[in-house]
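Participant: Hey, dropping input28.tsv in here, TSV, C-alpha atoms and all ligand atoms:
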chain	number	residue	atom	x	y	z
A	5	MET	CA	48.72	-16.60	-31.60
A	6	ARG	CA	46.01	-14.56	-29.90
A	7	TYR	CA	43.28	-16.05	-32.10
A	8	LYS	CA	44.80	-19.52	-32.54
A	9	ARG	CA	41.97	-21.38	-30.79
A	10	GLN	CA	39.23	-19.79	-32.90
A	11	ARG	CA	40.89	-19.65	-36.31
A	12	GLU	CA	39.43	-22.94	-37.49
A	13	LEU	CA	35.96	-21.88	-36.36
A	14	VAL	CA	35.59	-18.38	-37.77
A	15	ASN	CA	37.17	-16.29	-40.52
A	16	GLN	CA	39.42	-14.01	-38.47
A	17	ASP	CA	40.03	-11.67	-41.39
A	18	LEU	CA	36.30	-10.94	-41.57
A	19	LEU	CA	36.17	-10.30	-37.83
A	20	SER	CA	39.31	-8.19	-37.77
A	21	SER	CA	38.08	-6.00	-40.63
A	22	SER	CA	34.66	-5.37	-39.08
A	23	HIS	CA	33.30	-2.34	-37.26
A	24	VAL	CA	30.85	-2.88	-34.41
A	25	LEU	CA	28.79	-0.18	-32.71
A	26	ILE	CA	27.98	-0.93	-29.07
A	27	ALA	CA	25.36	1.38	-27.58
A	28	GLY	CA	25.69	1.30	-23.80
A	29	THR	CA	28.60	0.13	-21.66
A	30	GLY	CA	26.60	-1.05	-18.66
A	31	GLY	CA	25.74	-4.67	-17.80
A	32	LEU	CA	24.99	-5.92	-21.31
A	33	GLY	CA	27.65	-3.69	-22.85
A	34	SER	CA	30.42	-4.78	-20.47
A	35	ALA	CA	29.91	-8.40	-21.44
A	36	ALA	CA	29.40	-7.81	-25.17
A	37	LEU	CA	32.41	-5.50	-25.38
A	38	LEU	CA	34.75	-7.79	-23.44
A	39	TYR	CA	34.04	-10.77	-25.66
A	40	LEU	CA	34.05	-8.90	-28.97
A	41	ALA	CA	37.34	-7.24	-28.05
A	42	ALA	CA	38.83	-10.56	-26.97
A	43	ALA	CA	37.66	-12.15	-30.24
A	44	GLY	CA	39.38	-9.40	-32.21
A	45	ALA	CA	36.53	-7.41	-33.74
A	46	GLY	CA	38.80	-4.93	-35.50
A	47	GLU	CA	37.06	-1.67	-34.70
A	48	ILE	CA	34.52	-1.04	-31.97
A	49	THR	CA	32.71	2.22	-31.25
A	50	ILE	CA	31.24	2.50	-27.76
A	51	VAL	CA	28.62	5.10	-26.86
A	52	ASP	CA	27.53	6.03	-23.34
A	53	ALA	CA	26.78	9.28	-21.52
A	54	ASP	CA	26.83	7.96	-17.97
A	55	ASN	CA	29.47	7.90	-15.27
A	56	VAL	CA	30.21	4.84	-13.12
A	57	GLU	CA	28.14	4.61	-9.94
A	58	GLU	CA	28.62	2.20	-7.05
A	59	SER	CA	25.22	0.61	-7.72
A	60	ASN	CA	26.42	-0.35	-11.23
A	61	LEU	CA	29.13	-2.66	-9.93
A	62	ASN	CA	26.94	-5.73	-9.28
A	63	ARG	CA	26.68	-6.29	-13.04
A	64	GLN	CA	28.78	-3.84	-15.06
A	65	VAL	CA	31.93	-5.90	-14.81
A	66	LEU	CA	34.16	-3.67	-16.95
A	67	HIS	CA	33.97	-1.00	-14.25
A	68	PHE	CA	35.82	-1.35	-10.95
A	69	THR	CA	35.45	0.35	-7.57
A	70	THR	CA	38.24	2.80	-8.41
A	71	ASP	CA	36.30	3.89	-11.51
A	72	ILE	CA	33.36	5.35	-9.56
A	73	GLY	CA	32.66	8.83	-10.94
A	74	LYS	CA	34.53	8.21	-14.19
A	75	PRO	CA	32.73	8.26	-17.57
A	76	LYS	CA	31.89	4.65	-18.43
A	77	VAL	CA	33.29	4.93	-21.95
A	78	PHE	CA	36.73	5.88	-20.60
A	79	SER	CA	36.64	3.24	-17.86
A	80	ALA	CA	35.72	0.65	-20.52
A	81	LEU	CA	38.36	1.89	-22.95
A	82	GLU	CA	41.18	1.44	-20.42
A	83	LYS	CA	40.25	-2.20	-19.71
A	84	ILE	CA	39.73	-3.07	-23.36
A	85	TYR	CA	43.15	-1.79	-24.42
A	86	GLU	CA	44.71	-3.85	-21.62
A	87	LEU	CA	42.85	-6.88	-22.94
A	88	ASN	CA	43.52	-6.38	-26.64
A	89	PRO	CA	45.77	-3.56	-27.88
A	90	GLU	CA	45.47	-4.90	-31.45
A	91	ILE	CA	41.98	-3.51	-31.99
A	92	LYS	CA	40.76	0.05	-32.40
A	93	VAL	CA	38.18	1.38	-29.95
A	94	ASN	CA	36.42	4.71	-30.51
A	95	GLU	CA	34.60	6.20	-27.56
A	96	LYS	CA	31.67	8.58	-27.75
A	97	TYR	CA	30.84	10.14	-24.40
A	98	MET	CA	27.36	11.29	-25.38
A	99	ARG	CA	23.68	10.53	-25.00
A	100	ILE	CA	21.88	9.15	-28.05
A	101	THR	CA	19.21	11.70	-29.02
A	102	GLU	CA	17.55	12.79	-32.28
A	103	GLU	CA	20.26	15.45	-32.49
A	104	THR	CA	23.23	13.11	-31.93
A	105	LEU	CA	22.06	10.24	-34.16
A	106	SER	CA	24.11	11.64	-37.05
A	107	LEU	CA	27.26	11.25	-34.93
A	108	LEU	CA	26.86	7.47	-34.76
A	109	PRO	CA	29.12	5.56	-37.14
A	110	GLU	CA	27.74	3.49	-40.00
A	111	ALA	CA	29.17	0.30	-38.58
A	112	ASP	CA	28.75	-3.23	-39.98
A	113	ILE	CA	26.50	-4.15	-37.07
A	114	ALA	CA	25.07	-2.40	-34.01
A	115	ILE	CA	24.45	-3.91	-30.58
A	116	ASP	CA	21.73	-2.58	-28.32
A	117	CYS	CA	23.08	-2.70	-24.76
A	118	LEU	CA	20.80	0.10	-23.60
A	119	ASP	CA	18.50	0.20	-20.59
A	120	ASN	CA	15.51	2.17	-21.81
A	121	MET	CA	13.05	1.96	-24.70
A	122	GLU	CA	13.25	5.61	-25.68
A	123	THR	CA	16.93	5.37	-26.63
A	124	ARG	CA	16.43	1.93	-28.14
A	125	PHE	CA	13.82	3.32	-30.52
A	126	LEU	CA	16.26	6.04	-31.63
A	127	LEU	CA	18.99	3.46	-32.25
A	128	ASN	CA	16.48	1.29	-34.14
A	129	LYS	CA	15.50	4.25	-36.33
A	130	PHE	CA	19.16	4.98	-37.11
A	131	CYS	CA	19.84	1.33	-37.98
A	132	VAL	CA	16.76	0.97	-40.22
A	133	GLU	CA	17.61	4.21	-42.07
A	134	LYS	CA	21.25	3.23	-42.54
A	135	ASN	CA	20.49	-0.42	-43.22
A	136	ILE	CA	22.62	-1.65	-40.30
A	137	PRO	CA	21.74	-4.98	-38.64
A	138	LEU	CA	20.85	-4.52	-34.98
A	139	ILE	CA	21.20	-7.03	-32.17
A	140	HIS	CA	18.75	-6.33	-29.36
A	141	ALA	CA	18.81	-7.69	-25.84
A	142	ALA	CA	16.97	-6.65	-22.71
A	143	VAL	CA	17.19	-7.94	-19.15
A	144	GLU	CA	15.25	-7.65	-15.94
A	145	ALA	CA	15.72	-9.67	-12.75
A	146	PHE	CA	16.49	-13.24	-13.93
A	147	GLU	CA	14.90	-12.83	-17.38
A	148	GLY	CA	16.37	-11.86	-20.69
A	149	ARG	CA	15.41	-11.62	-24.33
A	150	LEU	CA	17.39	-11.51	-27.53
A	151	THR	CA	16.66	-10.92	-31.20
A	152	VAL	CA	18.42	-9.76	-34.37
A	153	ILE	CA	16.92	-7.16	-36.68
A	154	ILE	CA	17.92	-7.13	-40.33
A	155	PRO	CA	16.48	-3.95	-41.91
A	156	GLY	CA	14.28	-4.74	-44.90
A	157	GLU	CA	14.05	-8.42	-43.96
A	158	THR	CA	12.80	-8.70	-40.39
A	159	PRO	CA	10.47	-6.68	-38.16
A	160	CYS	CA	12.24	-3.74	-36.50
A	161	LEU	CA	12.22	-2.88	-32.79
A	162	SER	CA	9.32	-0.47	-33.26
A	163	CYS	CA	7.30	-3.29	-34.87
A	164	ILE	CA	8.14	-5.65	-32.01
A	165	TYR	CA	7.42	-3.18	-29.21
A	166	ALA	CA	4.51	-1.33	-30.82
A	167	GLY	CA	2.36	0.11	-28.06
A	168	VAL	CA	4.81	-0.74	-25.29
A	169	PRO	CA	5.20	2.20	-22.89
A	170	PRO	CA	8.73	3.66	-22.87
A	171	GLY	CA	10.26	2.20	-19.72
A	172	LYS	CA	9.57	2.51	-16.04
A	173	GLY	CA	12.87	3.72	-14.64
A	174	GLU	CA	15.04	1.58	-12.39
A	175	PHE	CA	14.40	-2.15	-12.23
A	176	PRO	CA	16.11	-5.01	-10.37
A	177	VAL	CA	18.64	-7.14	-12.23
A	178	ILE	CA	21.11	-9.81	-11.23
A	179	GLY	CA	24.53	-9.43	-12.86
A	180	THR	CA	24.61	-12.90	-14.36
A	181	THR	CA	21.48	-12.19	-16.43
A	182	ALA	CA	23.11	-9.15	-18.02
A	183	GLY	CA	26.33	-11.13	-18.50
A	184	ILE	CA	24.69	-14.08	-20.23
A	185	LEU	CA	22.62	-11.90	-22.55
A	186	GLY	CA	25.53	-9.57	-23.31
A	187	VAL	CA	27.74	-12.51	-24.23
A	188	ALA	CA	24.89	-13.91	-26.35
A	189	GLU	CA	24.76	-10.59	-28.21
A	190	ALA	CA	28.51	-10.80	-28.85
A	191	SER	CA	28.05	-14.37	-30.07
A	192	GLU	CA	25.35	-13.30	-32.56
A	193	ALA	CA	27.62	-10.48	-33.77
A	194	ILE	CA	30.54	-12.86	-34.32
A	195	LYS	CA	28.26	-15.27	-36.21
A	196	PHE	CA	26.85	-12.50	-38.39
A	197	LEU	CA	30.21	-10.92	-39.17
A	198	THR	CA	31.86	-14.22	-40.03
A	199	LYS	CA	28.78	-15.66	-41.77
A	200	LYS	CA	28.54	-18.68	-39.46
A	201	GLY	CA	25.51	-20.55	-38.22
A	202	ARG	CA	21.98	-19.23	-37.93
A	203	ILE	CA	21.41	-15.91	-36.21
A	204	LEU	CA	18.19	-14.98	-34.40
A	205	ALA	CA	16.93	-12.85	-37.32
A	206	GLY	CA	13.18	-12.40	-36.95
A	207	LYS	CA	13.16	-14.67	-33.89
A	208	MET	CA	12.89	-13.63	-30.26
A	209	LEU	CA	14.57	-15.83	-27.66
A	210	MET	CA	13.15	-15.50	-24.15
A	211	LEU	CA	15.13	-16.90	-21.23
A	212	ASN	CA	14.16	-17.29	-17.60
A	213	LEU	CA	17.41	-18.14	-15.86
A	214	LEU	CA	15.73	-18.90	-12.54
A	215	ASN	CA	14.00	-22.02	-13.82
A	216	TRP	CA	15.50	-22.38	-17.34
A	217	GLU	CA	12.26	-21.72	-19.15
A	218	VAL	CA	13.29	-21.02	-22.72
A	219	SER	CA	11.00	-19.97	-25.54
A	220	LEU	CA	11.52	-18.86	-29.10
A	221	PHE	CA	8.94	-17.14	-31.28
A	222	SER	CA	8.85	-15.33	-34.58
A	223	THR	CA	8.62	-11.54	-34.45
A	224	THR	CA	5.91	-9.95	-36.58
A	225	PHE	CA	5.78	-6.82	-38.70
A	226	ASN	CA	3.50	-4.00	-37.65
A	227	PRO	CA	2.00	-2.87	-41.00
A	228	ASN	CA	1.62	0.64	-39.53
A	229	CYS	CA	5.23	0.85	-38.29
A	230	SER	CA	6.41	4.43	-38.81
A	231	VAL	CA	10.07	3.35	-38.83
A	232	CYS	CA	10.26	0.43	-41.27
A	233	GLY	CA	6.79	0.69	-42.83
A	234	GLY	CA	6.04	-2.88	-41.79
A	235	GLY	CA	8.79	-4.16	-44.08
A	236	LYS	CA	7.78	-2.04	-47.05
A	237	LYS	CA	10.35	0.77	-46.70
B	1	ZN	ZN	9.11	-1.64	-37.97
Give the structure from the file, written as structure tokens.
Facilitator:
Amino acid sequence: MRYKRQRELVNQDLLSSSHVLIAGTGGLGSAALLYLAAAGAGEITIVDADNVEESNLNRQVLHFTTDIGKPKVFSALEKIYELNPEIKVNEKYMRITEETLSLLPEADIAIDCLDNMETRFLLNKFCVEKNIPLIHAAVEAFEGRLTVIIPGETPCLSCIYAGVPPGKGEFPVIGTTAGILGVAEASEAIKFLTKKGRILAGKMLMLNLLNWEVSLFSTTFNPNCSVCGGGKK
């Protein structure tokens, strides 16, 4: 009964037998995780090293005021099991580093819900090496971007962000931007896992939610990319 309203739209068996890796359980991750759990993605591994802070609560909607100080992965886990006890959620309370990359699961798809380029590049490297599709989103203020990386077929994150400096620390963001982009990531994951529609593989969607400026462009390989070899690895 739980999936009655979506059964004619997607193959629930495919969704229920899939494993999704969600890196980050902040603003993007809260939204992506809520909707993938509700949709019945059978196994989800969440990774985050941070604890809930009061300043997270404007956008990280899986975490409540009473969770302040708690590891985000455990706060998220509690809510997700209340929402859908039929799925399996694995939590990894750890930072993604060169040393911990081997602890990440070889899931069917990975979702980048991170907040800094340094960790994103590590996740991208892991996904390219293990041939795992990666959904990338990033938000700032009222703007968001979204793309899907298919190793061996599309440019990787290191191609797309070649030469981009690795982050600038804290930036302003309105919760709805993170919510919309996180849900869009979940939507791309559901489409990929159930082989429905056209995912944003090799395309970058840019959204400005303040004035609804929307643009879509093709991502390009960097022939000197050290991660994917510009599509030749
Ligand atoms: Zn590349």
Participant: Using all atoms listed in the file, determine which residues fall within 7 Å of ligand ZN 1 (chain B), then list them as a PyMOL selection string.
Facilitator: chain A and resi 159-163+225-226+229-235
Participant: Record the distance separating CA of Arg63 in chain A and CA of Ala111 in chain A, expressed in Å with one decimal.
Facilitator: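 Atom-to-atom, CA of Arg63 in chain A and CA of Ala111 in chain A are spaced 26.5 Å apart.
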Participant: May I have the residues within 7 Å of Ser20 in chain A as a PyMOL selection string, using all atoms listed in the file and disregarding those fewer than 2 positions away in the same chain?
Facilitator: chain A and resi 16-18+22+44-46
Participant: What is the CA of Glu12 in chain A to CA of Ile154 in chain A distance in Å?
Facilitator: 26.8 Å
Participant: Excluding Leu38 in chain A and residues on its chain fewer than 5 positions from it, collect all residues at most 10 Å away from it, counting only C-alpha atoms, and give them as a list of chain:residue names.
Facilitator: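 So the residues in contact are A:Gly33, A:Ala43, A:Val65, A:Leu66, A:Ala80, A:Lys83, A:Ile84, A:Leu87, A:Asn88, A:Gly186, A:Val187, A:Ala190.
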Participant: Fewer than 3 positions away in the same chain doesn't count, so skip those; otherwise give me all residues within 12 Å of Glu102 in chain A, counting all atoms listed in the file, as a PyMOL selection string.
Facilitator: chain A and resi 99+105-108+122-130
Participant: Pick the closest to Phe146 in chain A from A:Glu192, A:Gly179, A:Glu95, A:Ile203: which is it, counting only C-alpha atoms?
Facilitator: A:Gly179
Participant: Quote the spacing between CA of Thr224 in chain A and CA of Ile164 in chain A in Å to one decimal place.
Facilitator: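 Going from CA of Thr224 in chain A over to CA of Ile164 in chain A covers 6.7 Å.
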Participant: If you take every atom of range 194-207 of chain A that the file lists and fit an axis-aligned box around them with 4 Å extra on each side, what centre and edge lengths come out in Å to one decimal, as lines of an AutoDock Vina configuration file?
Facilitator:
center_x = 22.5
center_y = -15.7
center_z = -37.8
size_x = 26.7
size_y = 17.6
size_z = 15.9
Participant: Give me the residues near Ala114 in chain A as an MDAnalysis selection string, where near means some atom within 9 Å (using all atoms listed in the file) and where sequence neighbours in that chain fewer than 5 positions away do not count.
Facilitator: chainID A and resid 23:27 127 131 136:140 193
Participant: Hey, which of A:Ala36, A:Ser191, A:Thr180, A:Leu150 ends up closest to Leu204 in chain A? Count all atoms listed in the file.
Facilitator: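 Distance minimum relative to Leu204 in chain A lands on A:Leu150.
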Participant: For Thr101 in chain A, which residue among A:Val77, A:Leu213, A:Ala53, A:Leu32 is the nearest when counting all atoms listed in the file?
Facilitator: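 Of all the options, A:Ala53 lies closest to Thr101 in chain A.
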Participant: Check the smallest atom-to-atom distance from each of A:Gly148, A:Pro75, A:Gly28, A:Pro109 to Ala188 in chain A using all atoms listed in the file, then report the winner.
Facilitator: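 Answer, going by the shortest atom-to-atom distance: A:Gly148.
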Participant: Measuring atom to atom with all atoms listed in the file, identify which of A:Ala42, A:Leu209, A:Val177, A:Ala142 is nearest to Phe221 in chain A.
Facilitator: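 Among the listed residues, the smallest separation from Phe221 in chain A belongs to A:Leu209.
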Participant: Could you tell me which of A:Glu157, A:Asp52, A:Glu144, A:Glu217 comes closest to Leu185 in chain A if we count only C-alpha atoms?
Facilitator: A:Glu144
Participant: List every protein, DNA or RNA residue with an atom no more than 9 Å from (9.6, -16.2, -42.6) in the file's coordinates, counting all atoms listed in the file, and format the result as a ChimeraX atom specification.
Facilitator: /A:158,206,222
Participant: Give me the residues near Val14 in chain A as a ChimeraX atom specification, where near means some atom within 8 Å (using only C-alpha atoms) and where sequence neighbours in that chain fewer than 3 positions away do not count.
Facilitator: /A:10-11,198,200
Participant: Since the input has fewer atoms than a full residue there, write range 134-145 of chain A out with all heavy atoms, as a CSV table (one decimal), in the coordinates of the input.
Facilitator:
chain,number,residue,atom,x,y,z
A,134,LYS,N,19.9,3.5,-42.0
A,134,LYS,CA,21.2,3.2,-42.5
A,134,LYS,C,21.5,1.8,-43.0
A,134,LYS,O,22.6,1.4,-43.4
A,134,LYS,CB,22.3,3.6,-41.5
A,134,LYS,CG,22.2,5.0,-41.0
A,134,LYS,CD,22.6,6.0,-42.1
A,134,LYS,CE,22.6,7.5,-41.6
A,134,LYS,NZ,22.7,8.4,-42.6
A,135,ASN,N,20.4,1.0,-42.8
A,135,ASN,CA,20.5,-0.4,-43.2
A,135,ASN,C,21.6,-1.2,-42.5
A,135,ASN,O,22.3,-2.0,-43.0
A,135,ASN,CB,20.7,-0.5,-44.7
A,135,ASN,CG,20.3,-1.8,-45.3
A,135,ASN,OD1,19.4,-2.5,-44.8
A,135,ASN,ND2,21.0,-2.2,-46.4
A,136,ILE,N,21.6,-1.0,-41.1
A,136,ILE,CA,22.6,-1.6,-40.3
A,136,ILE,C,21.9,-2.7,-39.5
A,136,ILE,O,20.9,-2.4,-38.7
A,136,ILE,CB,23.3,-0.6,-39.4
A,136,ILE,CG1,24.0,0.4,-40.2
A,136,ILE,CG2,24.3,-1.3,-38.4
A,136,ILE,CD1,24.5,1.6,-39.4
A,137,PRO,N,22.3,-3.9,-39.5
A,137,PRO,CA,21.7,-5.0,-38.6
A,137,PRO,C,21.9,-4.6,-37.2
A,137,PRO,O,22.9,-4.0,-36.8
A,137,PRO,CB,22.6,-6.2,-39.0
A,137,PRO,CG,23.1,-6.0,-40.3
A,137,PRO,CD,23.4,-4.5,-40.4
A,138,LEU,N,20.9,-4.9,-36.4
A,138,LEU,CA,20.8,-4.5,-35.0
A,138,LEU,C,20.6,-5.7,-34.1
A,138,LEU,O,19.6,-6.4,-34.3
A,138,LEU,CB,19.8,-3.5,-34.8
A,138,LEU,CG,19.4,-3.0,-33.3
A,138,LEU,CD1,20.6,-2.4,-32.7
A,138,LEU,CD2,18.2,-2.1,-33.3
A,139,ILE,N,21.4,-6.0,-33.1
A,139,ILE,CA,21.2,-7.0,-32.2
A,139,ILE,C,20.6,-6.4,-30.9
A,139,ILE,O,21.2,-5.5,-30.4
A,139,ILE,CB,22.5,-7.8,-31.8
A,139,ILE,CG1,23.1,-8.4,-33.1
A,139,ILE,CG2,22.3,-8.8,-30.8
A,139,ILE,CD1,24.5,-9.0,-32.9
A,140,HIS,N,19.5,-6.9,-30.5
A,140,HIS,CA,18.8,-6.3,-29.4
A,140,HIS,C,18.7,-7.3,-28.2
A,140,HIS,O,18.4,-8.5,-28.4
A,140,HIS,CB,17.3,-6.0,-29.8
A,140,HIS,CG,16.4,-5.8,-28.6
A,140,HIS,ND1,16.4,-4.8,-27.7
A,140,HIS,CD2,15.3,-6.6,-28.2
A,140,HIS,CE1,15.5,-4.9,-26.8
A,140,HIS,NE2,14.8,-6.0,-27.1
A,141,ALA,N,19.0,-6.9,-27.0
A,141,ALA,CA,18.8,-7.7,-25.8
A,141,ALA,C,18.3,-6.8,-24.8
A,141,ALA,O,18.5,-5.6,-24.8
A,141,ALA,CB,20.1,-8.4,-25.4
A,142,ALA,N,17.5,-7.4,-23.9
A,142,ALA,CA,17.0,-6.6,-22.7
A,142,ALA,C,16.9,-7.6,-21.5
A,142,ALA,O,16.7,-8.8,-21.7
A,142,ALA,CB,15.6,-6.1,-23.0
A,143,VAL,N,17.2,-7.1,-20.3
A,143,VAL,CA,17.2,-7.9,-19.2
A,143,VAL,C,16.4,-7.3,-18.0
A,143,VAL,O,16.3,-6.1,-17.9
A,143,VAL,CB,18.6,-8.2,-18.6
A,143,VAL,CG1,19.4,-9.1,-19.6
A,143,VAL,CG2,19.4,-6.9,-18.4
A,144,GLU,N,15.9,-8.1,-17.2
A,144,GLU,CA,15.2,-7.6,-15.9
A,144,GLU,C,15.2,-8.8,-15.0
A,144,GLU,O,14.8,-9.9,-15.4
A,144,GLU,CB,13.8,-7.1,-16.2
A,144,GLU,CG,13.2,-6.6,-14.9
A,144,GLU,CD,11.9,-5.8,-15.1
A,144,GLU,OE1,11.6,-5.4,-16.3
A,144,GLU,OE2,11.2,-5.7,-14.1
A,145,ALA,N,15.7,-8.6,-13.8
A,145,ALA,CA,15.7,-9.7,-12.8
A,145,ALA,C,16.5,-10.9,-13.3
A,145,ALA,O,17.7,-10.8,-13.6
A,145,ALA,CB,14.3,-10.0,-12.3
